[in-house]
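Inspection log for the structure reproduced underneath, given as structure tokens.
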Amino acid sequence: MADEKVLDHDADGIKELDNPLPAWWLYLFYVSIIFSFYYYVASMFIGTTAADRAQAAMAKLQGQEQTVEMMLASGNAEFSKDEMVLASGKEIYTTRCASCHAADGGGLVGPNMTDNYWIHGRGEFADMYRVVVEGVPEKGMISWKPILSDDEIRAVVSYLKTFEGTTPANPKAPEGNLVE
Amino acid sequence: MSQSKSKDNLEHFTYDEETPKLFFLATIIWGAVALLAGVFIASQLAFWQLNFKLPWFTFGRLRPLHTNSAIFAFAGNAIFAGVYHSSQRLLKTRIFSDALSKIHFWGWQLIIVLAAITLPLGITTGKEYAELEWPIDILIAVVWVAFAVNFFGMIARRRERHLYVAIWFYLASIITVALLHIVNSIALPVSLFKSYPVYAGVQDALVQWWYGHNAVAFFLTTPYLGLMYYYLPKAVNRPIYSYRLSIIHFWALVFIYIWTGPHHLLHSALPDWAQTLGMIFSIMLLAPSWGGMINGLLTMRGAWHRVRKEPILKFLVAAVTFYGMSTFEGPLLSIKSVNALAHFTDWIIGHVHSGVLGWNGFMIFAILYYVVPKLWKTELYSEKLANVHFWMAMSGILLYIFSMWAAGITQGLMWRAMEGPRLVYPDFVETLTKIIPLYYVRAFGGFLYLAGYVIMMYNIFKTIKASKPAEPEVYSAPPLGKFTTDKQGHRYLEGLSALFTVLVVIAVIVGSVIEILPTLLAHKYYAPEKIENVKPYTPLELAGRDIYIREGCYTCHSQMVRTLTYDIARYGEMSRPEEFIYDHPFQFGSRRIGPDLARVGGKYPDSWHYYHMYDPRQITPGSTMPVYPHLFRKKIDYHILAKKLLVMKRMGVPYSEASISSAISDAQDQAAQVEESLKSQGVKEKVRDKEILALIAYLQRLKAPAEVTDK
């Protein structure tokens with residue numbers, strides 16, 4: 001430090017030394033500039049755009065998706081009576097479905113699950129399974145396929161069956177067709 | 001008599017110590033407000049009940065109050081204090097005009113008070129860090145001009161030929177902030193309290209983040225580097241390590257910083273060429289930023305043993321280190337692949353706080369502990385309390401940053417986790433409840449920082465109380481001599497203040513023009529068939545959009561499905577630049593505490609939104625969203641809608657004369673439709689003409705453009 005050159009300029013008593021730029025700092029600056037120019041040219045003029053890449057990746061992922069028929073055929077298309085399955089179905093129903101269909105299935109935003117009236121199909125396992133998988137977007141029922149696994153969907157559909165014939169606290173008026 | 005001349009050709013003069021004193025006191029007071037607001041809104045995120053049921057206490061309205069007061073009231077007043085205090089000494093002249101100093105001081109405090117009143121009332125432009133409405137924007141411009149005249153007046157009357165590096169930084173900051181503020185604030189008023197920016201969609205986003213990032217650059221960085229270059233060598237009593245480094249890193253910083261704004265819009269609908277410019281200039285900014293850190297830290301050589309004892313030096317070392325850390329983190333976060341993980345998460349929140357609490361805050365504390373005893377001609381009341389302050393503030397920041405890193409990376413990883421085409425965590429709320437414990441840690445960190453701050457307030461209060469009135473000191477210097485050409489290189493330039501200023505202007509204009517101009521023209525080049533599907537908002541949707549802006553929904557919700565598979569899988573079709581062309585202002589957002597809303601339209605029935613606004617937890621257990629009962633009480637302001645459409649039309653939104661004249665009845669009709677749909681879905685309450693209807697209409701409209709026309 002002793003042999004460092006002090007410049008003759010004085011700013012309110014502040015002096016400045018004439019030290020060179022630290023070499024590592026200078027190289028860091030150079031490397032960042034060289035990298036940046038290389039990166040810009042490489043990303044802007046070679047290959048596809050980010051939007052195209054994302055679109056292609058998405059199409060590829062969607063190509064792996066199964067149709068509702070394929071999903072349905074992959075397992076047992078009947079209401080389960082297994083207690084474990086119903087318990088998990090109940091848990092899913094309480095966290096996912098109850099906000100629209102009420103905890104006791106009486107309906108709120110969505111239709112009443114306890115009566116014998118069905119809007120889509122006749123209340124068969126496959127009918128309910130399809131509605132849960134695909135949703136009814138125009139009515140506000142979302143597709144649960146991206147959210148629930150196949151097992152979870154089967155469990156919640158089985159749980160729905162247990163509402164049949166129960167008496168909810170505030171039943172919503174029947175919607176759809178009466179199924180005897 | 002402020003100056004006189006003696007026989008030995010020395011001029012005698014005094015400095016204005018009152019103006020810096022006032023600004024320092026204002027810094028201390030507003031700092032407490034900003035920190036208190038910060039701790040409060042941090043607690044709201046941990047414990048939603050703190051939003052109460054009062055509209056002006058909700059997070060969406062208080063968050064802008066926190067950010068604006070931290071930046072413009074706390075850091076801003078400190079800049080003015082430090083600039084006035086140090087520039088007089090560096091230029092050897094009194095502040096140019098006492099009258100302008102008064103206008104500057106009281107004008108700025110008035111702006112802050114107006115901000116503190118209007119923001120909680122929901123009077124906002126909806127543009128981050130530029131939320132204040134147009135009359136206040138004009139006031140800011142006027143006060144800033146007073147500051148600029150005062151500053152350049154000092155340069156004109158200086159008794160020191162060559163401008164010191166601190167002055168370069170002040171000069172660049174004053175010019176660039178004026179440019180940023182004016183360009184970003186251009187808007188057409190609808191009323192005294194409402195305006196729409198002239199830019200739309202992607203344009204508006206680019207202009208806003210050009211402004212937003214350079215508010216960080218030219219409000220929170222360059223003025224503080226100037227302050228560092230004065231107060232650090234003063235407090236340490238050592239020469240600046242390298243004059244050459246000062247020169248190179250100053251010009252590199254001023255030239256490069258202005259380009260970096262688009263790194264706030266990576267993977268968005270902003271054109272790739274602009275995004276990539278934002279990224280590479282951020283990377284090139286690392287070395288110039290570190291130039292400031294190196295020059296600061298190496299200036300401390302020979303004084304390190306004093307750091308152990310002296311709180312001022314502790315704060316200085318920590319401030320410069322935090323500066324180095326956050327200017328490393330910034331370029332890192334600007335790398336596209338890192339940004340894909342970190343953007344919209346708390347990592348960014350942690351990053352800005354290491355800047356503002358660590359760099360700006362600690363620098364302010366160092367300056368206060370150094371300058372208050374000097375200005376009030378006394379000793380610091382307690383060095384011990386200052387040390388306690390340091391350790392409390394330091395622990396507070398570390399808790400803050402670490403919790404935000406953990407929260408940000410956790411949430412970012414949960415958002416992107418996919419198994420084939422399926423999201424592993426499809427429920428957004430699950431990614432939020434996971435990080436709530438970290439929000440408590442963050443709030444506690446903020447509380448520690450605030451508690452340390454209160455100790456500083458007490459310490460400074462006691463210091464000032466012990467001071468005795470003293471005669472103003474008289475300084476002497478020879479008058480400014482004629483410009484001579486005996487100095488070479490940069491020193492030569494430092495003698496020519498006007499030329500220096502022109503070069504700074506050129507340095508900041510180049511990047512601004514290259515990035516902004518093509519984007520401003522971009523709308524003309526969108527394919528007509530793509531725009532065809534994009535319809536202007538209906539009057540009721542526009543009313544709803546303004547409610548969305550008023551409530552600060554953008555502080556927690558984005559409207560930008562990025563070009564990333566997991567964004568598309570979670571929210572739907574990626575956002576395209578064309579779909580935003582009628583969005584004055586844009587509402588892309590910068591943080592997802594709740595899910596993205598760009599594709600929420602049609603996803604749920606009207607009644608879902610109705611119940612959700614009334615009690616979010618009824619629909620989404622675990623949600624931390626505030627409740628909005630006032631939307632169910634307040635009536636839609638139909639009468640202003642024709643005026644709103646007219647202003648929009650002036651900015652190029654294709655509303656016909658007929659649609660403007662029927663705006664009010666159209667809105668009433670659409671509101672009746674929403675009301676009818678709610679009734680059919682079982683809503684029993686009377687909601688005629690209530691604001692909730694407009695908000696639902698707007699939210700249901702948020703769809704991919706083709707779907708909007710299909711309905």
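Residues in the structure tokens are numbered from 1 in each chain, the chains being A, B, ... in the order shown, and ligands are numbered from 1 in the order shown.
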Write out as a Markdown table the residues of chain A that have any atom within 7 Å of an atom of chain B, one row each with the nearest atom pair and its distance in Å to one decimal, counting only C-alpha atoms, sorted by chain and then rising number.
| residue | atom | partner | partner_atom | distance |
| --- | --- | --- | --- | --- |
| A:Ala11 | CA | B:Leu90 | CA | 5.6 |
| A:Asp12 | CA | B:Leu90 | CA | 5.5 |
| A:Ile14 | CA | B:Pro239 | CA | 6.1 |
| A:Lys15 | CA | B:Pro239 | CA | 4.6 |
| A:Glu16 | CA | B:Ile240 | CA | 4.5 |
| A:Leu17 | CA | B:Ser242 | CA | 5.1 |
| A:Asp18 | CA | B:Ser242 | CA | 5.4 |
| A:Asn19 | CA | B:Ser242 | CA | 4.8 |
| A:Pro20 | CA | B:Arg244 | CA | 6.6 |
| A:Leu21 | CA | B:Leu245 | CA | 5.6 |
| A:Trp25 | CA | B:Ala287 | CA | 6.5 |
| A:Leu28 | CA | B:Ala287 | CA | 6.3 |
| A:Phe29 | CA | B:Ala287 | CA | 5.1 |
| A:Ser32 | CA | B:Met284 | CA | 5.2 |
| A:Ile33 | CA | B:Met284 | CA | 5.7 |
| A:Ser36 | CA | B:Ile280 | CA | 5.0 |
| A:Tyr40 | CA | B:Thr276 | CA | 6.6 |
| A:Met44 | CA | B:Trp273 | CA | 6.7 |
| A:Ala50 | CA | B:Thr563 | CA | 6.4 |
| A:Ala51 | CA | B:Thr563 | CA | 5.2 |
| A:Ala54 | CA | B:Thr563 | CA | 5.5 |
| A:Ala57 | CA | B:Thr565 | CA | 6.7 |
| A:Met58 | CA | B:Thr565 | CA | 5.7 |
| A:Leu61 | CA | B:Pro421 | CA | 4.9 |
| A:Gln62 | CA | B:Pro421 | CA | 6.0 |
| A:Glu65 | CA | B:Pro421 | CA | 6.8 |
| A:Ser99 | CA | B:Ile619 | CA | 5.1 |
| A:Val109 | CA | B:Gln681 | CA | 5.9 |
| A:Pro137 | CA | B:Lys603 | CA | 6.3 |
| A:Glu138 | CA | B:Gly602 | CA | 7.0 |
| A:Lys139 | CA | B:Pro605 | CA | 6.2 |
| A:Gly140 | CA | B:Tyr604 | CA | 4.2 |
| A:Met141 | CA | B:Tyr604 | CA | 7.0 |
| A:Ile142 | CA | B:Lys603 | CA | 6.7 |
| A:Pro146 | CA | B:Arg422 | CA | 5.4 |
| A:Ile147 | CA | B:Pro426 | CA | 5.2 |
Keeping only C-alpha atoms, write the selected residues as a PDB file, in the first residue's frame.
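Output file selection-v1.pdb is given in full below:
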ATOM      1  CA  ALA A  11     -12.501  16.260  -3.058  1.00  0.00           C
ATOM      2  CA  ASP A  12     -13.419  17.630   0.362  1.00  0.00           C
ATOM      3  CA  ILE A  14     -11.036  12.588  -0.161  1.00  0.00           C
ATOM      4  CA  LYS A  15      -8.038  11.321  -2.127  1.00  0.00           C
ATOM      5  CA  GLU A  16      -7.975   8.748  -4.888  1.00  0.00           C
ATOM      6  CA  LEU A  17      -5.352   6.087  -5.615  1.00  0.00           C
ATOM      7  CA  ASP A  18      -4.176   5.300  -9.117  1.00  0.00           C
ATOM      8  CA  ASN A  19      -4.536   1.519  -8.812  1.00  0.00           C
ATOM      9  CA  PRO A  20      -5.132  -0.479 -12.010  1.00  0.00           C
ATOM     10  CA  LEU A  21      -8.339  -2.385 -12.598  1.00  0.00           C
ATOM     11  CA  TRP A  25     -12.545  -8.167 -12.562  1.00  0.00           C
ATOM     12  CA  LEU A  28     -15.032 -11.238 -15.714  1.00  0.00           C
ATOM     13  CA  PHE A  29     -16.292  -8.214 -17.638  1.00  0.00           C
ATOM     14  CA  SER A  32     -19.610 -11.693 -19.733  1.00  0.00           C
ATOM     15  CA  ILE A  33     -19.560  -9.520 -22.855  1.00  0.00           C
ATOM     16  CA  SER A  36     -23.616 -12.297 -24.145  1.00  0.00           C
ATOM     17  CA  TYR A  40     -27.729 -13.456 -28.357  1.00  0.00           C
ATOM     18  CA  MET A  44     -32.010 -15.313 -31.834  1.00  0.00           C
ATOM     19  CA  ALA A  50     -39.445 -20.107 -27.151  1.00  0.00           C
ATOM     20  CA  ALA A  51     -43.173 -20.114 -27.898  1.00  0.00           C
ATOM     21  CA  ALA A  54     -43.174 -24.754 -25.536  1.00  0.00           C
ATOM     22  CA  ALA A  57     -43.289 -29.847 -25.860  1.00  0.00           C
ATOM     23  CA  MET A  58     -46.904 -29.495 -24.797  1.00  0.00           C
ATOM     24  CA  LEU A  61     -47.035 -34.373 -23.536  1.00  0.00           C
ATOM     25  CA  GLN A  62     -50.657 -34.269 -24.645  1.00  0.00           C
ATOM     26  CA  GLU A  65     -52.713 -38.513 -22.671  1.00  0.00           C
ATOM     27  CA  SER A  99     -67.562 -26.389  -2.029  1.00  0.00           C
ATOM     28  CA  VAL A 109     -73.392 -24.279  -7.148  1.00  0.00           C
ATOM     29  CA  PRO A 137     -66.898 -26.640 -18.478  1.00  0.00           C
ATOM     30  CA  GLU A 138     -69.928 -24.647 -19.642  1.00  0.00           C
ATOM     31  CA  LYS A 139     -71.616 -25.340 -16.283  1.00  0.00           C
ATOM     32  CA  GLY A 140     -68.503 -24.684 -14.244  1.00  0.00           C
ATOM     33  CA  MET A 141     -67.626 -28.302 -13.450  1.00  0.00           C
ATOM     34  CA  ILE A 142     -63.917 -28.465 -14.175  1.00  0.00           C
ATOM     35  CA  PRO A 146     -55.232 -33.084 -14.574  1.00  0.00           C
ATOM     36  CA  ILE A 147     -55.752 -33.044 -10.828  1.00  0.00           C
TER      37      ILE A 147
END
Q: Find the spatial neighbours of Trp118 of chain A, counting only C-alpha atoms, within a cut-off of 9 Å - ignore same-chain residues fewer than 3 positions away - and output them as a ChimeraX atom specification.
A: /A:111,113,115,121-123,174-179
Q.
What's around segment 66-74 of chain A at 8 Å? Count only C-alpha atoms, leave out sequence neighbours fewer than 6 positions away in its own chain, and write the answer as JSON, numbers by chain.
A. {"A": [126, 129, 130, 133, 134, 150]}
Q: Report the residues of chain A whose backbone DSSP state falls under helix (DSSP H, G or I), written as JSON, numbers by chain.
A: {"A": [23, 24, 25, 26, 27, 28, 29, 30, 31, 32, 33, 34, 35, 36, 37, 38, 39, 40, 41, 42, 43, 44, 45, 50, 51, 52, 53, 54, 55, 56, 57, 58, 59, 60, 61, 62, 63, 68, 69, 70, 71, 72, 73, 83, 84, 85, 86, 87, 88, 89, 90, 91, 92, 93, 94, 95, 96, 97, 98, 99, 100, 101, 125, 126, 127, 128, 129, 130, 131, 132, 133, 134, 137, 138, 139, 150, 151, 152, 153, 154, 155, 156, 157, 158, 159, 160, 161]}
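Between atom CA of Ile397 of chain B and atom CA of Ile593 of chain B the separation is 21.4 Å.
Distances here use only C-alpha atoms; by that measure, the residue among A:Gln64, A:Glu78, A:Phe35, A:Ile153 closest to Glu91 of chain A is A:Ile153.
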Q. From the set A:Gly89, A:Ala77, A:Thr95, A:Glu83, which residue has the shortest atom-to-atom contact distance to Glu430 of chain B, counting only C-alpha atoms?
A. A:Thr95
Q: Tell me, as a PyMOL selection string, which residues lie within 12 Å of Ile95 of chain B, counting only C-alpha atoms; anything in the same chain fewer than 5 positions away does not count.
A: chain B and resi 2+13-20+80-81+83-90+100-102+104+146-158
Neighbouring residues of segment 67-76 of chain B were defined as those with any atom within 7 Å, considering only C-alpha atoms; residues of the same chain fewer than 5 positions away were excluded. Please report them as an mmCIF file with C-alpha atoms, in the first residue's frame.
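Contents of the output file around-v1.cif:
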data_model
loop_
_atom_site.group_PDB
_atom_site.id
_atom_site.type_symbol
_atom_site.label_atom_id
_atom_site.label_comp_id
_atom_site.auth_asym_id
_atom_site.auth_seq_id
_atom_site.Cartn_x
_atom_site.Cartn_y
_atom_site.Cartn_z
ATOM 1 C CA THR B 27 -35.838 9.818 6.253
ATOM 2 C CA TRP B 30 -40.797 7.728 6.863
ATOM 3 C CA GLY B 31 -38.435 4.791 7.260
ATOM 4 C CA ALA B 34 -42.298 1.975 5.461
ATOM 5 C CA ILE B 112 -45.690 11.127 0.340
ATOM 6 C CA TYR B 129 -43.811 1.497 -8.145
ATOM 7 C CA ASN B 360 -29.880 0.995 0.938
#
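Distances from B:Val372, B:Met228, B:Ile41, B:Ala393 to Leu316 of chain B were compared using only C-alpha atoms, and the smallest one belongs to B:Met228.
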Q.
When you look at Ile664 of chain B with a cut-off of 9 Å (counting only C-alpha atoms), what residues show up, excluding the ones that are within fewer than 2 positions of it in the same chain? I need them as a PyMOL selection string.
A. chain B and resi 539-540+638-642+660-662+666-669
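For Tyr159 of chain A, the list of residues within 9 Å, based on only C-alpha atoms and with local chain neighbours fewer than 3 positions off taken out, reads Phe79, Ser80, Lys81, Val85, Leu86, Ala87, Ser88, Gly89, Lys90, Tyr93, Arg154, Ala155, Val156, Thr162 and Phe163 of chain A.
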Q: Using atom CA of Ile531 of chain B and atom CA of Ser659 of chain B as the two end points, give the distance in Å to one decimal.
A: 19.3 Å
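Relative to atom CA of Arg61 of chain B, atom CA of Ala543 of chain B is found at 17.9 Å.
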